[in-house]
>>> print(open('start-v7.txt').read())   # compact mmCIF, C-alpha atoms
# COMPACT_ATOMS: atom_id res chain seq x y z
CA MET A 212 6.93 34.43 -9.11
CA ASN A 213 3.61 32.84 -8.20
CA LEU A 214 1.67 31.55 -11.16
CA PRO A 215 -2.05 30.77 -10.86
CA HIS A 216 -2.93 27.13 -11.38
CA PRO A 217 0.58 25.74 -12.01
CA ARG A 218 0.67 23.12 -14.73
CA ALA A 219 2.43 19.77 -14.64
CA SER A 220 5.86 20.28 -16.17
CA ASP A 221 5.78 16.89 -17.88
CA ARG A 222 2.67 17.66 -19.93
CA PRO A 223 3.30 19.39 -23.29
CA GLU A 224 1.22 22.55 -23.73
CA THR A 225 -0.38 21.19 -26.90
CA ASN A 226 -1.73 18.14 -25.05
CA ARG A 227 -3.60 20.04 -22.35
CA ARG A 228 -7.35 19.98 -22.73
CA CYS A 229 -10.03 22.07 -21.08
CA LEU A 230 -13.61 21.57 -19.95
CA CYS A 231 -15.09 25.07 -20.09
CA LEU A 232 -18.34 26.53 -18.77
CA LEU A 233 -20.32 28.17 -21.54
CA SER A 234 -23.45 30.29 -21.12
CA ARG A 235 -25.58 32.55 -23.25
CA ASN A 236 -27.11 35.80 -22.02
CA GLY A 237 -27.49 34.53 -18.48
CA ASP A 238 -29.18 31.29 -19.56
CA ALA A 239 -28.45 28.07 -17.71
CA PRO A 240 -24.91 26.94 -18.43
CA ALA A 241 -24.44 24.53 -21.28
CA LEU A 242 -22.62 21.24 -20.79
CA PRO A 243 -18.83 21.42 -20.56
CA LEU A 244 -16.95 21.11 -23.82
CA VAL A 245 -13.41 19.93 -24.49
CA ARG A 246 -11.21 22.65 -25.95
CA GLN A 247 -7.59 23.65 -26.14
CA PRO A 248 -6.60 26.14 -23.42
CA SER A 249 -5.98 28.90 -25.95
CA GLU A 250 -9.67 28.83 -26.89
CA ALA A 251 -10.83 28.29 -23.34
CA GLN A 252 -9.12 31.40 -22.10
CA LYS A 253 -11.43 33.46 -24.29
CA ILE A 254 -14.52 32.09 -22.48
CA SER A 255 -13.76 31.82 -19.47
CA GLN A 256 -26.77 26.73 13.32
CA PRO A 257 -27.08 24.94 15.68
CA TRP A 258 -25.46 21.52 15.12
CA ALA A 259 -28.23 19.40 16.60
CA ALA A 260 -30.83 20.93 14.25
CA MET A 261 -28.97 19.59 11.20
CA TRP A 262 -29.29 15.89 12.06
CA PRO A 263 -32.08 14.09 10.17
CA ASP A 264 -31.75 10.98 12.37
CA PRO A 265 -32.21 11.05 16.16
CA PRO A 266 -29.85 13.89 17.15
CA PRO A 267 -26.67 13.33 19.16
CA ALA A 268 -26.60 13.93 22.86
CA ILE A 269 -26.43 17.70 23.40
CA GLU A 270 -23.54 17.34 25.82
CA ASP A 271 -21.44 15.79 23.04
CA ILE A 272 -22.10 18.71 20.70
CA ALA A 273 -21.42 21.17 23.51
CA MET A 274 -17.89 19.80 23.69
CA LEU A 275 -17.26 21.08 20.16
CA ASP A 276 -15.93 24.49 21.14
CA LYS A 277 -13.60 22.94 23.69
CA ARG A 278 -12.16 20.47 21.21
CA MET A 279 -12.03 22.42 17.93
CA ARG A 280 -8.40 21.55 17.40
CA SER A 281 -8.87 17.83 17.94
CA ALA A 282 -7.75 15.79 14.95
CA ASN A 283 -8.48 12.10 15.15
CA ALA A 284 -11.05 11.09 12.57
CA ARG A 285 -11.79 8.64 9.79
CA SER A 286 -14.42 10.46 7.76
CA GLY A 287 -13.34 10.81 4.13
CA SER A 288 -10.00 11.68 2.57
CA LEU A 289 -9.59 15.06 4.28
CA ALA A 290 -10.06 13.42 7.64
CA ARG A 291 -7.44 10.84 6.74
CA TRP A 292 -4.93 13.66 6.21
CA ARG A 293 -6.07 15.02 9.57
CA ALA A 294 -5.48 11.59 11.14
CA ALA A 295 -1.99 11.54 9.69
CA ALA A 296 -1.21 14.83 11.39
CA THR A 297 -2.43 13.47 14.73
CA ALA A 298 -0.31 10.37 14.36
CA ALA A 299 2.69 12.53 13.57
CA ALA A 300 2.34 14.30 16.89
CA ILE A 301 2.15 10.97 18.73
CA LEU A 302 4.68 9.02 16.68
CA ALA A 303 7.04 11.77 15.56
CA ALA A 304 10.06 9.53 15.75
CA ALA A 305 8.45 6.83 13.65
CA GLY A 306 6.80 8.98 10.95
CA PHE A 307 3.13 9.32 9.96
CA ALA A 308 0.62 6.53 10.46
CA LEU A 309 -3.09 6.43 9.82
CA ALA A 310 -5.38 6.65 12.81
CA GLY A 311 -8.15 4.08 12.63
CA ARG A 312 -9.30 2.12 9.61
CA ALA A 313 -10.24 4.49 6.82
CA VAL A 314 -11.29 3.17 3.45
CA ALA A 315 -8.16 2.09 1.63
CA GLY A 316 -7.58 3.69 -1.74
CA GLU A 317 -6.58 1.67 -4.79
CA VAL A 318 -4.07 4.11 -6.27
CA LYS A 319 -0.59 2.64 -5.91
CA ASP A 320 1.31 5.30 -7.87
CA GLU A 321 4.10 7.25 -6.25
CA PRO A 322 3.13 10.83 -5.32
CA ARG A 323 3.83 13.22 -8.18
CA TRP A 324 4.18 16.31 -5.95
CA LYS A 325 5.61 16.91 -2.49
CA THR A 326 4.91 20.44 -1.25
CA GLY A 327 2.12 22.99 -1.20
CA SER A 328 4.16 25.24 -3.48
CA ASP A 329 3.52 22.72 -6.29
CA PHE A 330 -0.13 23.80 -6.30
CA SER A 331 -2.02 27.06 -6.72
CA SER A 332 -3.57 28.41 -3.51
CA LEU A 333 -5.60 31.27 -2.03
CA LYS A 334 -3.08 33.92 -3.13
CA ASP A 335 -3.77 32.95 -6.76
CA TRP A 336 -7.59 32.79 -6.69
CA ASN A 337 -8.70 36.39 -6.02
CA LEU A 338 -11.55 35.32 -3.73
CA LYS A 339 -13.78 38.22 -2.61
CA SER A 340 -16.83 37.98 -0.40
CA GLU A 341 -19.05 39.91 -2.82
CA ASN A 342 -18.51 37.13 -5.38
CA ILE A 343 -19.03 34.15 -3.05
CA VAL A 344 -22.44 32.44 -3.08
CA SER A 345 -23.55 29.54 -0.92
CA HIS A 346 -25.46 27.66 -3.61
CA GLY A 347 -25.01 27.16 -7.32
CA VAL A 348 -23.86 24.86 -10.10
CA ASN A 349 -20.41 23.99 -11.45
CA PRO A 350 -20.29 22.07 -14.75
CA LEU A 351 -18.55 19.03 -13.23
CA PHE A 352 -19.37 19.17 -9.52
CA TYR A 353 -22.65 17.86 -8.13
CA PRO A 354 -25.32 20.59 -7.72
CA ILE A 355 -24.76 22.55 -4.51
CA VAL A 356 -28.45 23.23 -4.04
CA PRO A 357 -30.54 22.35 -0.97
CA GLY A 358 -32.03 18.90 -1.27
CA HIS A 359 -29.42 17.41 -3.58
CA LYS A 360 -28.63 13.81 -2.61
CA HIS A 361 -26.35 11.11 -3.95
CA ALA A 362 -24.60 7.97 -2.75
CA LEU A 363 -21.54 5.95 -3.70
CA GLU A 364 -20.96 2.32 -2.74
CA ARG A 365 -17.91 0.16 -2.43
CA PRO A 366 -18.85 -3.48 -1.76
CA ASP A 367 -15.20 -4.63 -1.73
CA HIS A 368 -14.35 -2.62 1.41
CA SER A 369 -12.50 -4.86 3.86
CA ASP A 370 -14.89 -4.03 6.74
CA GLY A 371 -18.10 -4.78 4.84
CA LYS A 372 -20.35 -3.07 2.28
CA TYR A 373 -19.32 0.58 2.39
CA ARG A 374 -21.63 3.41 1.40
CA LYS A 375 -21.07 7.16 1.44
CA GLU A 376 -24.10 9.45 1.24
CA THR A 377 -24.04 13.17 0.49
CA VAL A 378 -26.88 15.62 1.17
CA VAL A 379 -26.86 19.40 0.63
CA LEU A 380 -28.71 20.76 3.66
CA ASP A 381 -31.05 23.75 3.64
CA THR A 382 -28.83 25.84 5.93
CA THR A 383 -25.67 27.92 5.72
CA GLU A 384 -22.57 28.66 7.78
CA ASP A 385 -21.27 32.21 8.35
CA PHE A 386 -17.64 33.09 7.63
CA ASP A 387 -15.56 36.23 8.10
CA ILE A 388 -12.06 35.64 6.74
CA PRO A 389 -9.38 38.36 6.65
CA GLY A 390 -8.63 39.31 3.06
CA ILE A 391 -11.87 37.75 1.79
CA GLY A 392 -14.65 39.25 3.95
CA LYS A 393 -18.01 38.08 5.24
CA PHE A 394 -20.04 35.46 3.35
CA LYS A 395 -22.16 32.35 3.78
CA ALA A 396 -21.25 28.78 2.81
CA ALA A 397 -23.52 25.83 2.09
CA VAL A 398 -23.58 23.00 4.62
CA VAL A 399 -23.07 19.62 2.95
CA GLN A 400 -23.57 16.54 5.07
CA GLN A 401 -21.68 13.33 4.33
CA GLU A 402 -22.39 10.06 6.10
CA GLU A 403 -20.48 6.79 5.94
CA ARG A 404 -22.14 3.42 6.51
CA LEU A 405 -20.85 -0.13 6.79
CA ASP A 406 -23.39 -2.88 6.12
CA GLY A 407 -26.09 -0.23 6.46
CA VAL A 408 -24.93 1.00 9.88
CA LEU A 409 -24.00 4.66 10.29
CA THR A 410 -20.36 4.99 11.40
CA GLN A 411 -19.28 8.53 10.48
CA ARG A 412 -20.92 11.91 9.89
CA ALA A 413 -19.33 15.13 8.64
CA LEU A 414 -20.63 18.61 7.87
CA ASN A 415 -18.67 20.33 5.09
CA TRP A 416 -18.75 24.04 4.25
CA PHE A 417 -18.76 24.66 0.49
CA ALA A 418 -19.33 27.79 -1.61
CA LEU A 419 -18.91 28.99 -5.19
CA ASP A 420 -17.30 32.02 -6.79
CA LYS A 421 -20.07 33.29 -9.07
CA THR A 422 -17.55 34.93 -11.42
CA THR A 423 -15.84 31.62 -12.24
CA ASN A 424 -18.27 28.94 -11.01
CA SER A 425 -15.37 27.38 -9.11
CA VAL A 426 -16.31 25.39 -5.99
CA TYR A 427 -14.35 25.96 -2.76
CA SER A 428 -14.18 24.19 0.59
CA PHE A 429 -13.94 26.24 3.77
CA GLY A 430 -13.62 23.32 6.18
CA GLU A 431 -15.54 20.56 7.92
CA VAL A 432 -16.49 19.15 11.31
CA SER A 433 -16.93 15.42 11.85
CA TRP A 434 -18.14 12.83 14.32
CA GLU A 435 -17.69 9.09 14.72
CA ILE A 436 -20.85 7.14 15.55
CA ASP A 437 -20.58 4.18 17.93
CA ARG A 438 -22.67 1.00 17.81
CA GLU A 439 -25.29 2.56 20.07
CA GLY A 440 -25.68 5.47 17.64
CA LYS A 441 -23.97 7.98 19.93
CA PRO A 442 -21.68 10.53 18.23
CA THR A 443 -18.19 11.37 19.41
CA PHE A 444 -16.55 14.55 18.12
CA ALA A 445 -13.73 13.52 15.80
CA GLY A 446 -12.14 16.68 14.43
CA THR A 447 -12.46 19.87 12.44
CA TRP A 448 -10.68 22.39 10.27
CA ARG A 449 -11.97 25.82 9.27
CA ALA A 450 -10.65 28.47 6.89
CA GLY A 451 -9.65 31.66 8.69
CA ASP A 452 -8.71 29.90 11.95
CA PRO A 453 -5.15 29.96 13.33
CA ASP A 454 -3.00 27.20 11.86
CA GLY A 455 0.46 26.88 13.40
CA ASN A 456 2.31 30.04 12.50
CA GLY A 457 -0.27 31.07 9.92
CA VAL A 458 -3.97 30.94 9.08
CA THR A 459 -5.96 28.05 7.62
CA GLU A 460 -6.84 28.69 3.98
CA PRO A 461 -9.75 27.39 1.88
CA GLY A 462 -9.33 24.70 -0.73
CA LEU A 463 -10.44 24.62 -4.36
CA LEU A 464 -12.64 21.56 -4.97
CA MET A 465 -13.40 22.06 -8.66
CA PRO A 466 -12.45 24.94 -10.98
CA GLY A 467 -15.13 26.40 -13.21
CA THR A 468 -12.80 25.85 -16.17
CA PHE A 469 -11.21 22.38 -16.19
CA THR A 470 -7.76 22.28 -17.80
CA VAL A 471 -5.68 19.11 -17.78
CA GLY A 472 -2.45 19.70 -15.86
CA ASP A 473 -3.80 22.36 -13.49
CA ARG A 474 -3.00 21.79 -9.81
CA TYR A 475 -4.59 23.44 -6.76
CA ILE A 476 -4.74 23.12 -3.00
CA VAL A 477 -7.91 21.21 -2.04
CA ALA A 478 -7.68 21.61 1.76
CA GLY A 479 -5.67 24.40 3.34
CA SER A 480 -4.91 23.47 6.96
CA ARG A 481 -1.20 22.67 7.04
CA SER A 482 -1.47 21.08 10.48
CA VAL A 483 -4.74 19.16 10.12
CA ALA A 484 -6.05 18.68 6.56
CA TYR A 485 -3.62 19.59 3.79
CA GLY A 486 -3.72 18.27 0.25
CA GLY A 487 -3.76 19.14 -3.42
CA SER A 488 -5.56 18.07 -6.59
CA GLU A 489 -4.30 17.64 -10.13
CA ASN A 490 -6.51 17.57 -13.23
CA MET A 491 -5.38 14.37 -14.97
CA GLU A 492 -7.73 13.66 -17.91
CA ALA A 493 -10.71 15.03 -19.81
CA GLY A 494 -13.12 13.49 -22.30
CA ILE A 495 -13.61 10.23 -20.36
CA ASP A 496 -16.56 7.86 -20.89
CA ILE A 497 -17.42 5.66 -17.90
CA THR A 498 -20.07 3.16 -16.81
CA VAL A 499 -21.02 2.77 -13.14
CA PRO A 500 -24.12 1.28 -11.44
CA ALA A 501 -25.98 4.60 -11.87
CA GLY A 502 -25.47 4.62 -15.64
CA THR A 503 -23.08 5.48 -18.47
CA PHE A 504 -21.60 8.99 -18.58
CA LYS A 505 -19.67 10.81 -21.29
CA GLY A 506 -17.34 13.80 -21.37
CA CYS A 507 -16.08 13.21 -17.83
CA ALA A 508 -12.83 14.26 -16.16
CA ARG A 509 -10.41 12.55 -13.79
CA VAL A 510 -8.92 14.41 -10.83
CA ARG A 511 -6.20 13.04 -8.55
CA GLU A 512 -6.19 14.14 -4.89
CA GLN A 513 -2.99 13.77 -2.90
CA GLY A 514 -2.28 14.35 0.76
CA LEU A 515 0.52 16.76 1.57
CA ILE A 516 0.84 15.56 5.16
CA ARG A 517 0.89 11.90 4.15
CA LEU A 518 2.14 11.99 0.59
CA LYS A 519 1.07 8.49 -0.41
CA GLN A 520 -2.57 9.13 0.47
CA ILE A 521 -3.80 9.32 -3.13
CA THR A 522 -7.35 9.19 -4.48
CA ASP A 523 -8.58 9.30 -8.08
CA ARG A 524 -12.07 10.63 -8.79
CA VAL A 525 -14.05 10.81 -12.03
CA TRP A 526 -16.45 13.77 -12.33
CA CYS A 527 -19.17 13.96 -14.96
CA PRO A 528 -21.22 16.87 -16.36
CA GLY A 529 -24.33 17.73 -14.37
CA VAL A 530 -23.91 14.82 -11.95
CA GLY A 531 -20.60 15.21 -10.15
CA VAL A 532 -18.45 12.39 -8.82
CA VAL A 533 -19.33 8.96 -10.26
CA SER A 534 -16.19 7.02 -9.37
CA ASP A 535 -13.87 7.33 -6.36
CA THR A 536 -11.04 4.91 -5.60
CA ASP A 537 -11.74 5.37 -1.88
CA ASP A 538 -15.53 5.59 -1.75
CA GLY A 539 -16.69 3.49 -4.71
CA LYS A 540 -19.14 4.09 -7.59
CA LEU A 541 -22.24 6.23 -7.91
CA VAL A 542 -25.41 4.22 -7.25
CA VAL A 543 -28.10 6.91 -6.81
CA SER A 544 -28.38 10.67 -7.40
CA ASN A 545 -31.34 13.01 -7.78
CA ALA A 546 -29.25 14.98 -10.29
CA LEU A 547 -29.99 12.19 -12.78
CA PRO A 548 -32.97 12.32 -15.16
CA ALA A 549 -36.21 11.03 -13.63
CA SER A 550 -36.28 8.31 -16.30
CA ASN A 551 -33.15 6.77 -14.73
CA PRO A 552 -34.08 4.41 -11.86
CA ALA A 553 -30.91 5.57 -10.08
CA SER A 554 -32.54 9.00 -9.62
CA ASN A 555 -34.60 7.51 -6.77
CA VAL A 556 -32.76 8.62 -3.61
CA SER A 557 -35.31 7.34 -1.08
CA SER A 558 -32.64 5.01 0.33
CA VAL A 559 -30.43 7.93 1.39
CA GLY A 560 -30.50 8.53 5.13
CA LYS A 561 -31.92 5.17 6.11
CA ALA A 562 -29.54 3.62 8.60
CA GLY A 563 -29.58 -0.03 9.51
CA LYS A 564 -29.38 -1.33 13.05
CA PRO A 565 -26.13 -2.79 14.37
CA SER A 566 -26.24 -6.56 14.48
CA LYS A 567 -25.51 -8.16 17.83
CA GLN A 568 -22.49 -10.41 17.61
CA LYS A 569 -20.89 -12.73 20.11
CA SER A 570 -17.43 -11.82 21.28
CA PRO A 571 -14.90 -13.57 19.02
CA VAL A 572 -12.99 -16.48 20.50
CA ALA A 573 -9.52 -16.97 19.04
CA LYS A 574 -8.21 -20.48 18.47
CA ILE A 575 -4.72 -19.26 17.62
CA SER A 576 -2.62 -16.77 19.58
CA ALA A 577 -1.55 -13.31 18.49
CA ALA A 578 2.03 -14.55 18.36
CA GLU A 579 1.05 -17.37 16.00
CA ALA A 580 -0.90 -14.96 13.80
CA THR A 581 2.10 -12.63 13.66
CA ARG A 582 4.38 -15.49 12.61
CA ILE A 583 1.95 -16.53 9.88
CA ALA A 584 1.66 -12.95 8.62
CA LEU A 585 5.44 -12.41 8.52
CA GLU A 586 5.87 -15.58 6.46
CA ARG A 587 3.60 -14.03 3.84
CA MET A 588 4.92 -10.47 4.11
CA PRO A 589 8.45 -10.10 5.52
CA GLY A 590 9.14 -7.01 7.61
CA LYS A 591 8.73 -5.80 11.19
CA ALA A 592 5.42 -6.39 12.98
CA THR A 593 4.34 -3.17 14.72
CA ASP A 594 0.87 -4.09 16.01
CA VAL A 595 -1.67 -6.90 16.15
CA LYS A 596 -5.34 -6.78 17.14
CA ILE A 597 -8.63 -8.53 16.48
CA GLU A 598 -11.07 -6.81 14.11
CA ARG A 599 -13.82 -7.80 11.73
CA LYS A 600 -12.68 -7.87 8.12
CA LEU A 601 -14.20 -9.42 5.01
CA GLY A 602 -17.03 -10.81 7.13
CA LYS A 603 -14.64 -12.69 9.43
CA ASN A 604 -13.01 -12.15 12.81
CA VAL A 605 -9.32 -11.78 12.08
CA TYR A 606 -6.05 -10.73 13.57
CA VAL A 607 -4.96 -7.56 11.81
CA VAL A 608 -1.16 -7.73 11.83
CA GLU A 609 0.47 -4.41 10.93
CA ILE A 610 3.83 -4.88 9.26
CA GLN A 611 6.37 -2.23 8.32
CA THR A 612 7.88 -3.34 5.00
CA SER A 613 10.34 -1.79 2.58
CA ARG A 614 7.29 -0.54 0.62
CA GLY A 615 5.55 0.99 3.61
CA GLU A 616 3.01 -0.19 6.16
CA LYS A 617 0.88 -3.21 5.24
CA ASP A 618 -1.86 -5.10 7.07
CA VAL A 619 -2.27 -8.90 6.92
CA PHE A 620 -5.61 -10.44 7.97
CA VAL A 621 -5.28 -13.83 9.70
CA ASP A 622 -8.46 -15.77 10.57
CA ILE A 623 -8.58 -16.17 14.37
CA GLU A 624 -9.99 -19.70 14.08
CA SER A 625 -8.27 -21.33 11.12
CA GLY A 626 -5.02 -19.35 11.07
CA LYS A 627 -5.41 -18.81 7.33
CA ILE A 628 -4.60 -15.49 5.68
CA VAL A 629 -7.84 -14.11 4.27
CA GLY A 630 -6.58 -10.81 2.86
CA THR A 631 -4.11 -7.95 2.96
CA GLU A 632 -4.39 -4.18 2.82
>>> encode(input="start-v7.txt", output="structure tokens")
Amino acid sequence: MNLPHPRASDRPETNRRCLCLLSRNGDAPALPLVRQPSEAQKISQPWAAMWPDPPPAIEDIAMLDKRMRSANARSGSLARWRAAATAAAILAAAGFALAGRAVAGEVKDEPRWKTGSDFSSLKDWNLKSENIVSHGVNPLFYPIVPGHKHALERPDHSDGKYRKETVVLDTTEDFDIPGIGKFKAAVVQQEERLDGVLTQRALNWFALDKTTNSVYSFGEVSWEIDREGKPTFAGTWRAGDPDGNGVTEPGLLMPGTFTVGDRYIVAGSRSVAYGGSENMEAGIDITVPAGTFKGCARVREQGLIRLKQITDRVWCPGVGVVSDTDDGKLVVSNALPASNPASNVSSVGKAGKPSKQKSPVAKISAAEATRIALERMPGKATDVKIERKLGKNVYVVEIQTSRGEKDVFVDIESGKIVGTE
């Protein structure tokens, strides 16, 4: 029997808490409140035109239709699951490996769940086109309204100062999904920057169910941006498209009623982007650069292609995500009160120019760097290459250990280990 929103078996029923959307006579929704579930149940275009910077070369965008099943990207957690699927096809005998250098998460816990059946999915959500709206507000998600902007920063990223910017664009995407019907989804742009330089861009398709205020994802398309600012198509997934022996399904990003222990599929492409979320905590208070927030909730996202790809996010009423173990902390958002300096989002969308650097000259060999790395972290070296990490030119030595794949950074000049990942 399929139960909607399965609950974690190790959480007693009496300990589950709920953040519920309350409203009065059609007024604007009140802030979420923490309640026991028993109470809560009673209340229950054209691509080039979307680019604010100088647009990509048209011939690159024209390749989109020819490469819709490509899956080699580094833009956000969903793209990391997509990268894992690509690596599986290439390295089937060796198991999954990440493609490229995505932002490393800080969650070291073992995965709590292993299959899609551990999470609720489309069959449990009763999605109907007449109830789906492209724009709206969920009590914990950021406002999905045109013009919304926010940014998170992670200065401890190994490649430099990392920043992820989100903008809800004033455009929609058309969908016609069997079993759901025809509807429009909002287009939400996300850009990733390192030291101010644009490196990734993705367009996400989000919508809400107006009967529940739950937020759903219907896919994304992403590009990598090279040092000259030219985009290269990186990958996509889209609800309703063929997916192996089945059809790609949407994902639930944030339920309208938050109950600790609920689990749900967050991205529904089993071959490209497949993962689930679990509601871990409610009633959290947290301080980040953008301010102090109360009554927040923690959600754990886990890849179901690469099980150990785990991200914890903290979501706060009226603002959305304020802390992300992959992407960092909230620094600006125009969902904040005007009296908060962090409500100024004029910095969003301003890309820096790539700095010109001389080609690195190594004073130690790759073999020496590998030896040094293996002395620190015993295992089997699987790859070594020169990259820029922590502001230095280093050998990145990939080592397969008993605890999984690790990277050791060895300075190409001094031979000293400057970090691990």
>>> atom_distance(input="start-v7.txt", atom1="CA of Met588 in chain A", atom2="CA of Lys325 in chain A")
28.2 Å
>>> atom_distance(input="start-v7.txt", atom1="CA of Val619 in chain A", atom2="CA of Val572 in chain A")
18.9 Å
>>> closest_residue(input="start-v7.txt", among="A:Lys441, A:Thr422, A:Ala396, A:Thr631", to="Thr410 in chain A", atoms="all atoms listed in the file")
A:Lys441
>>> residues_around(input="start-v7.txt", residues="Val344 in chain A", least_positions_apart="6", cutoff="7 Å", atoms="all atoms listed in the file", output="PyMOL selection string")
chain A and resi 395+418-421
>>> residues_near_point(input="start-v7.txt", point="(-23.6, 5.7, -13.7)", cutoff="8 Å", atoms="all atoms listed in the file", output="VMD selection string")
chain A and resid 497 to 504 533 540 to 542
>>> closest_residue(input="start-v7.txt", among="A:Asn545, A:Gln513, A:Gln520, A:Ser534", to="Asp329 in chain A", atoms="only C-alpha atoms")
A:Gln513
>>> residues_around(input="start-v7.txt", residues="Val608 in chain A", least_positions_apart="6", cutoff="6 Å", atoms="only C-alpha atoms", output="PDB file with C-alpha atoms, keeping the file's coordinate frame")
ATOM      1  CA  ASP A 594       0.870  -4.090  16.010  1.00  0.00           C
ATOM      2  CA  VAL A 595      -1.670  -6.900  16.150  1.00  0.00           C
ATOM      3  CA  ASP A 618      -1.860  -5.100   7.070  1.00  0.00           C
ATOM      4  CA  VAL A 619      -2.270  -8.900   6.920  1.00  0.00           C
TER       5      VAL A 619
END
>>> closest_residue(input="start-v7.txt", among="A:Val318, A:Val477, A:Ala578, A:Ile610", to="Lys519 in chain A", atoms="all atoms listed in the file")
A:Val318
>>> closest_residue(input="start-v7.txt", among="A:His361, A:Lys319, A:His368, A:Arg509", to="Arg599 in chain A", atoms="only C-alpha atoms")
A:His368
>>> residues_around(input="start-v7.txt", residues="Ala413 in chain A", least_positions_apart="2", cutoff="9 Å", atoms="only C-alpha atoms", output="ChimeraX atom specification")
/A:286-287,399-403,411,415,431-435
>>> closest_residue(input="start-v7.txt", among="A:Ser332, A:Asn604, A:Ser558, A:Thr581", to="Arg374 in chain A", atoms="all atoms listed in the file")
A:Ser558
>>> closest_residue(input="start-v7.txt", among="A:Ala450, A:Ile516, A:Ile388, A:Ile623", to="Ser482 in chain A", atoms="all atoms listed in the file")
A:Ile516
>>> residues_around(input="start-v7.txt", residues="Gly451 in chain A", least_positions_apart="6", cutoff="10 Å", atoms="all atoms listed in the file", output="PyMOL selection string")
chain A and resi 386-391+429-430+457-461+479-480
>>> residues_near_point(input="start-v7.txt", point="(-12.5, 12.6, -15.7)", cutoff="12 Å", atoms="all atoms listed in the file", output="PyMOL selection string")
chain A and resi 228-230+243+245+351-352+465+469-471+489-497+504-511+523-528+531-535
>>> atom_distance(input="start-v7.txt", atom1="CA of Val379 in chain A", atom2="CA of Thr423 in chain A")
20.9 Å
>>> build_atoms(input="start-v7.txt", residues="range 341-352 of chain A", atoms="N, CA and C atoms", output="PDB file, in the coordinates of the input")
ATOM      1  N   GLU A 341     -17.917  39.478  -1.989  1.00  0.00           N
ATOM      2  CA  GLU A 341     -19.050  39.910  -2.820  1.00  0.00           C
ATOM      3  C   GLU A 341     -19.319  38.953  -3.980  1.00  0.00           C
ATOM      4  N   ASN A 342     -18.342  38.086  -4.287  1.00  0.00           N
ATOM      5  CA  ASN A 342     -18.510  37.130  -5.380  1.00  0.00           C
ATOM      6  C   ASN A 342     -18.843  35.719  -4.906  1.00  0.00           C
ATOM      7  N   ILE A 343     -18.837  35.497  -3.585  1.00  0.00           N
ATOM      8  CA  ILE A 343     -19.030  34.150  -3.050  1.00  0.00           C
ATOM      9  C   ILE A 343     -20.511  33.910  -2.763  1.00  0.00           C
ATOM     10  N   VAL A 344     -21.038  32.810  -3.301  1.00  0.00           N
ATOM     11  CA  VAL A 344     -22.440  32.440  -3.080  1.00  0.00           C
ATOM     12  C   VAL A 344     -22.489  31.042  -2.478  1.00  0.00           C
ATOM     13  N   SER A 345     -23.478  30.816  -1.635  1.00  0.00           N
ATOM     14  CA  SER A 345     -23.550  29.540  -0.920  1.00  0.00           C
ATOM     15  C   SER A 345     -24.060  28.403  -1.786  1.00  0.00           C
ATOM     16  N   HIS A 346     -24.881  28.720  -2.784  1.00  0.00           N
ATOM     17  CA  HIS A 346     -25.460  27.660  -3.610  1.00  0.00           C
ATOM     18  C   HIS A 346     -25.297  27.996  -5.085  1.00  0.00           C
ATOM     19  N   GLY A 347     -25.174  26.958  -5.893  1.00  0.00           N
ATOM     20  CA  GLY A 347     -25.010  27.160  -7.320  1.00  0.00           C
ATOM     21  C   GLY A 347     -24.572  25.879  -8.005  1.00  0.00           C
ATOM     22  N   VAL A 348     -24.184  26.022  -9.278  1.00  0.00           N
ATOM     23  CA  VAL A 348     -23.860  24.860 -10.100  1.00  0.00           C
ATOM     24  C   VAL A 348     -22.524  25.076 -10.800  1.00  0.00           C
ATOM     25  N   ASN A 349     -21.662  24.078 -10.699  1.00  0.00           N
ATOM     26  CA  ASN A 349     -20.410  23.990 -11.450  1.00  0.00           C
ATOM     27  C   ASN A 349     -20.596  22.908 -12.502  1.00  0.00           C
ATOM     28  N   PRO A 350     -20.008  23.040 -13.688  1.00  0.00           N
ATOM     29  CA  PRO A 350     -20.290  22.070 -14.750  1.00  0.00           C
ATOM     30  C   PRO A 350     -19.939  20.628 -14.420  1.00  0.00           C
ATOM     31  N   LEU A 351     -18.965  20.396 -13.534  1.00  0.00           N
ATOM     32  CA  LEU A 351     -18.550  19.030 -13.230  1.00  0.00           C
ATOM     33  C   LEU A 351     -18.894  18.582 -11.810  1.00  0.00           C
ATOM     34  N   PHE A 352     -19.064  19.522 -10.899  1.00  0.00           N
ATOM     35  CA  PHE A 352     -19.370  19.170  -9.520  1.00  0.00           C
ATOM     36  C   PHE A 352     -20.854  18.825  -9.391  1.00  0.00           C
TER      37      PHE A 352
END
